[in-house]
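S.K.: What follows is run_0.csv, CSV, C-alpha atoms.
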```
chain,number,residue,atom,x,y,z
A,1,MET,CA,0.0,0.0,0.0
A,2,ASN,CA,1.4,3.4,-1.1
A,3,MET,CA,0.8,5.8,1.8
A,4,ARG,CA,0.6,9.5,1.3
A,5,THR,CA,3.8,11.6,1.3
A,6,LEU,CA,4.8,14.2,3.8
A,7,GLU,CA,4.3,16.8,1.1
A,8,GLN,CA,0.8,15.7,0.5
A,9,ASN,CA,0.1,15.7,4.2
A,10,ARG,CA,1.3,19.4,4.4
A,11,LYS,CA,-0.7,20.3,1.4
A,12,LEU,CA,-3.9,18.7,2.8
A,13,TYR,CA,-3.7,20.4,6.1
A,14,TRP,CA,-2.9,23.7,4.5
A,15,LEU,CA,-6.0,23.3,2.3
A,16,PHE,CA,-8.1,22.2,5.3
A,17,ASN,CA,-7.1,25.4,7.1
A,18,ARG,CA,-7.5,27.6,4.1
A,19,LEU,CA,-11.0,26.3,3.5
A,20,ASN,CA,-11.8,26.6,7.2
A,21,LEU,CA,-13.0,23.0,7.4
A,22,ASN,CA,-13.7,21.6,10.8
A,23,GLU,CA,-12.6,18.1,12.0
A,24,ASP,CA,-16.0,16.5,11.4
A,25,THR,CA,-16.1,17.8,7.9
A,26,VAL,CA,-12.6,16.6,7.2
A,27,ASP,CA,-13.5,13.2,8.5
A,28,ASP,CA,-16.6,13.0,6.3
A,29,ILE,CA,-14.6,14.0,3.2
A,30,VAL,CA,-11.9,11.5,3.9
A,31,MET,CA,-14.5,8.8,4.5
A,32,GLU,CA,-15.9,9.6,1.1
A,33,VAL,CA,-12.5,9.6,-0.6
A,34,THR,CA,-11.6,6.2,0.9
A,35,ARG,CA,-15.1,4.8,0.0
A,36,GLY,CA,-15.8,4.1,3.7
A,37,ARG,CA,-12.5,2.5,4.5
A,38,SER,CA,-11.4,5.2,7.0
A,39,SER,CA,-12.1,8.7,8.2
A,40,SER,CA,-8.5,9.5,9.2
A,41,THR,CA,-6.1,11.3,6.8
A,42,ARG,CA,-3.3,9.0,8.1
A,43,ASP,CA,-4.9,6.1,6.3
A,44,LEU,CA,-5.0,7.8,3.0
A,45,GLU,CA,-3.1,6.1,0.2
A,46,PHE,CA,-1.0,8.2,-2.2
A,47,ILE,CA,-3.7,8.2,-5.0
A,48,GLU,CA,-6.5,9.0,-2.6
A,49,ALA,CA,-4.5,11.9,-1.1
A,50,MET,CA,-3.8,13.2,-4.6
A,51,GLU,CA,-7.5,13.0,-5.5
A,52,LEU,CA,-8.4,14.8,-2.3
A,53,ILE,CA,-5.9,17.6,-2.9
A,54,LYS,CA,-7.3,18.1,-6.4
A,55,TYR,CA,-10.8,18.2,-5.0
A,56,LEU,CA,-9.9,20.7,-2.2
A,57,GLU,CA,-8.0,22.9,-4.6
A,58,GLY,CA,-11.1,23.0,-6.8
A,59,MET,CA,-13.1,24.1,-3.8
A,60,LEU,CA,-10.6,26.7,-3.0
A,61,MET,CA,-10.7,28.0,-6.6
A,62,VAL,CA,-14.5,28.2,-6.6
A,63,GLY,CA,-14.3,30.2,-3.3
A,64,GLU,CA,-11.7,32.6,-4.8
A,65,LYS,CA,-13.8,33.1,-7.9
A,66,LYS,CA,-16.6,34.4,-5.8
A,67,GLN,CA,-14.6,37.4,-4.7
A,68,PRO,CA,-14.4,39.0,-8.1
A,69,THR,CA,-18.1,38.8,-8.3
A,70,SER,CA,-18.6,40.7,-5.1
A,71,LEU,CA,-15.9,43.1,-6.3
A,72,SER,CA,-17.9,43.4,-9.6
A,73,ILE,CA,-21.1,44.1,-7.7
A,74,ASP,CA,-19.3,46.7,-5.6
A,75,ARG,CA,-18.0,48.4,-8.8
A,76,LYS,CA,-21.5,48.4,-10.2
A,77,ARG,CA,-22.8,50.0,-7.0
A,78,LYS,CA,-20.2,52.7,-7.2
A,79,GLY,CA,-20.8,53.2,-10.9
A,80,LEU,CA,-24.5,53.7,-10.2
A,81,ILE,CA,-23.9,56.1,-7.4
A,82,LYS,CA,-21.6,58.1,-9.7
A,83,ALA,CA,-24.2,58.1,-12.5
A,84,ILE,CA,-26.9,59.3,-10.2
A,85,PHE,CA,-24.7,62.0,-8.7
A,86,SER,CA,-23.8,63.2,-12.2
A,87,TRP,CA,-27.5,63.2,-13.3
A,88,TYR,CA,-28.4,65.4,-10.3
A,89,ASP,CA,-25.3,67.6,-10.9
A,90,ARG,CA,-26.4,68.2,-14.5
A,91,GLN,CA,-29.8,69.4,-13.1
A,92,GLY,CA,-28.0,71.8,-10.8
A,93,LYS,CA,-29.1,69.9,-7.6
A,94,VAL,CA,-26.7,69.3,-4.8
A,95,VAL,CA,-27.4,66.0,-3.1
A,96,ASP,CA,-25.7,63.7,-0.5
A,97,ILE,CA,-24.9,60.0,-0.7
A,98,ASN,CA,-28.0,59.0,1.3
A,99,TYR,CA,-30.3,60.9,-1.2
A,100,VAL,CA,-28.5,59.2,-4.1
A,101,LYS,CA,-29.0,55.7,-2.5
A,102,ALA,CA,-32.6,56.5,-1.8
A,103,THR,CA,-33.0,57.5,-5.5
A,104,ALA,CA,-31.5,54.2,-6.5
A,105,CYS,CA,-33.8,52.2,-4.2
A,106,ARG,CA,-36.9,54.0,-5.6
A,107,ALA,CA,-35.7,53.4,-9.1
A,108,ALA,CA,-35.1,49.7,-8.4
A,109,GLY,CA,-38.8,49.4,-7.4
A,110,MET,CA,-40.3,46.5,-5.6
A,111,ASP,CA,-40.0,48.2,-2.2
A,112,VAL,CA,-36.2,48.0,-2.1
A,113,LYS,CA,-35.2,49.7,1.1
A,114,ASP,CA,-31.5,48.9,1.3
A,115,PHE,CA,-29.2,50.0,-1.5
A,116,ASN,CA,-26.9,47.0,-0.9
A,117,LYS,CA,-29.9,44.6,-1.6
A,118,ILE,CA,-30.2,45.8,-5.2
A,119,SER,CA,-29.4,42.8,-7.4
A,120,GLU,CA,-26.5,42.9,-9.9
A,121,THR,CA,-28.8,42.9,-12.9
A,122,THR,CA,-30.9,45.7,-11.5
A,123,LEU,CA,-27.7,47.7,-10.8
A,124,THR,CA,-26.7,47.2,-14.4
A,125,ARG,CA,-30.1,48.3,-15.7
A,126,LEU,CA,-30.2,51.4,-13.4
A,127,TYR,CA,-26.7,52.4,-14.4
A,128,ALA,CA,-27.7,52.2,-18.1
A,129,GLU,CA,-30.9,54.2,-17.4
A,130,PHE,CA,-29.2,57.0,-15.6
A,131,CYS,CA,-26.5,57.2,-18.3
A,132,ARG,CA,-29.3,57.3,-20.9
A,133,LYS,CA,-31.0,60.1,-19.0
A,134,GLN,CA,-27.7,62.1,-19.1
A,135,VAL,CA,-27.5,61.6,-22.9
A,136,VAL,CA,-31.1,62.8,-23.2
A,137,GLN,CA,-30.3,65.9,-21.0
A,138,ASN,CA,-27.3,66.7,-23.3
A,139,GLU,CA,-29.5,66.4,-26.4
A,140,ILE,CA,-32.2,68.6,-25.0
A,141,ARG,CA,-29.6,71.3,-24.0
A,142,ARG,CA,-28.0,71.1,-27.5
A,143,GLU,CA,-31.3,71.4,-29.2
A,144,TYR,CA,-32.4,74.2,-26.9
A,145,HIS,CA,-29.1,76.2,-27.5
A,146,GLN,CA,-29.4,75.6,-31.3
A,147,PHE,CA,-33.0,76.8,-31.3
A,148,PHE,CA,-32.4,79.9,-29.4
A,149,ASN,CA,-29.1,80.8,-30.9
A,150,ASN,CA,-30.3,80.8,-34.5
```
Turn the structure described in the file into structure tokens.

M.R.:
Amino acid sequence: MNMRTLEQNRKLYWLFNRLNLNEDTVDDIVMEVTRGRSSSTRDLEFIEAMELIKYLEGMLMVGEKKQPTSLSIDRKRKGLIKAIFSWYDRQGKVVDINYVKATACRAAGMDVKDFNKISETTLTRLYAEFCRKQVVQNEIRREYHQFFNN
């Protein structure tokens, strides 16, 4: 029987800690990998340890891929705030961040009370809408100035 190596052992425990897995969870995972033979990592064979490392690395990568999504939502929130501020600024209105967030919540509809609860797709839609409103404002001003300057 080829037992796991010291390197594999280090890697496994690093992954367990990185994924914040408790002892019971680790035992369950090992039991699954060994097909019921054992729940202890010391009984893992080389190939089983290799499979478990690959599985845990996959879990870690999925967890790390979630972060950019939250960063992307954060960027969308900031973009929407900037677009709404700009829209009010073009109207000559001075507003604060709470007013802008309240505007976003009203625009989101469906009784949204918390700016951070606005979904990613709604953030995208609202951003496009407030950008479109600014384009319309620019067109109206341009037409207005052309009409009265002729």

S.K.: One number please: CA of Tyr144 in chain A to CA of Leu126 in chain A, in Å, one decimal.

M.R.: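 Value for the CA of Tyr144 in chain A-CA of Leu126 in chain A distance: 26.6 Å.
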
S.K.: Distance CA of Arg4 in chain A-CA of Glu45 in chain A, one decimal place?

M.R.: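 Separation between CA of Arg4 in chain A and CA of Glu45 in chain A: 5.1 Å.
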
S.K.: Provide the CA of Asn98 in chain A to CA of Ser119 in chain A distance in Å, to one decimal place.

M.R.: 18.4 Å

S.K.: Any idea what's packed within 12 Å of Glu7 in chain A, counting only C-alpha atoms, ignoring anything in its chain fewer than 4 positions away? Could you give it as a list in words?

M.R.: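 Result of the neighbour search: Met3, Lys11, Leu12, Tyr13, Trp14, Phe46, Ala49, Met50 and Ile53 of chain A.
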
S.K.: For Leu123 in chain A, list every protein, DNA or RNA residue within 9 Å, evaluated using all atoms listed in the file, and leave out those in the same chain fewer than 4 positions away; present the list as a PDB file with C-alpha atoms, in the coordinates of the input.

M.R.:
```
ATOM      1  CA  ILE A  73     -21.100  44.100  -7.700  1.00  0.00           C
ATOM      2  CA  LYS A  76     -21.500  48.400 -10.200  1.00  0.00           C
ATOM      3  CA  ARG A  77     -22.800  50.000  -7.000  1.00  0.00           C
ATOM      4  CA  GLY A  79     -20.800  53.200 -10.900  1.00  0.00           C
ATOM      5  CA  LEU A  80     -24.500  53.700 -10.200  1.00  0.00           C
ATOM      6  CA  ALA A 104     -31.500  54.200  -6.500  1.00  0.00           C
ATOM      7  CA  ALA A 108     -35.100  49.700  -8.400  1.00  0.00           C
ATOM      8  CA  ILE A 118     -30.200  45.800  -5.200  1.00  0.00           C
ATOM      9  CA  SER A 119     -29.400  42.800  -7.400  1.00  0.00           C
ATOM     10  CA  TYR A 127     -26.700  52.400 -14.400  1.00  0.00           C
ATOM     11  CA  ALA A 128     -27.700  52.200 -18.100  1.00  0.00           C
TER      12      ALA A 128
END
```

S.K.: Identify which of the residues A:Glu139, A:Glu23, A:Glu51, A:Asp74 lies closest to Lys117 in chain A, counting all atoms listed in the file when measuring atom-to-atom distances.

M.R.: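 Checking each candidate against Lys117 in chain A, we get A:Asp74 as the closest.
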
S.K.: Rank A:Ile97, A:Leu52, A:Val30, A:Leu21 by their smallest atom-to-atom distance to Lys78 in chain A, using only C-alpha atoms, and report the top residue only.

M.R.: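 Answer, going by the shortest atom-to-atom distance: A:Ile97.
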
S.K.: Quick one: everything within 12 Å of Glu32 in chain A, counting only C-alpha atoms, minus sequence neighbours fewer than 5 positions away in the same chain. Send it as number ranges by chain.

M.R.: A: 25-27, 37-41, 44, 48-49, 51-52, 55

S.K.: Taking into account all atoms listed in the file, which residue in the set A:Met31, A:Arg75, A:Leu56, A:Asn2 is nearest to Glu120 in chain A?

M.R.: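 Closest residue, counting all atoms listed in the file: A:Arg75.
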
S.K.: Considering all atoms listed in the file, state which residue in the set A:Leu15, A:Gln91, A:Ile47, A:Asn116 is at the smallest distance from Arg141 in chain A.

M.R.: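 Under the stated criterion, the closest residue is A:Gln91.
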
S.K.: I need the residue nearest Gln134 in chain A from this list: A:Ser86, A:Thr34, A:Gln8, A:Asn22. Use all atoms listed in the file for the distance.

M.R.: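 Between A:Ser86, A:Thr34, A:Gln8, A:Asn22, the residue approaching Gln134 in chain A most closely is A:Ser86.
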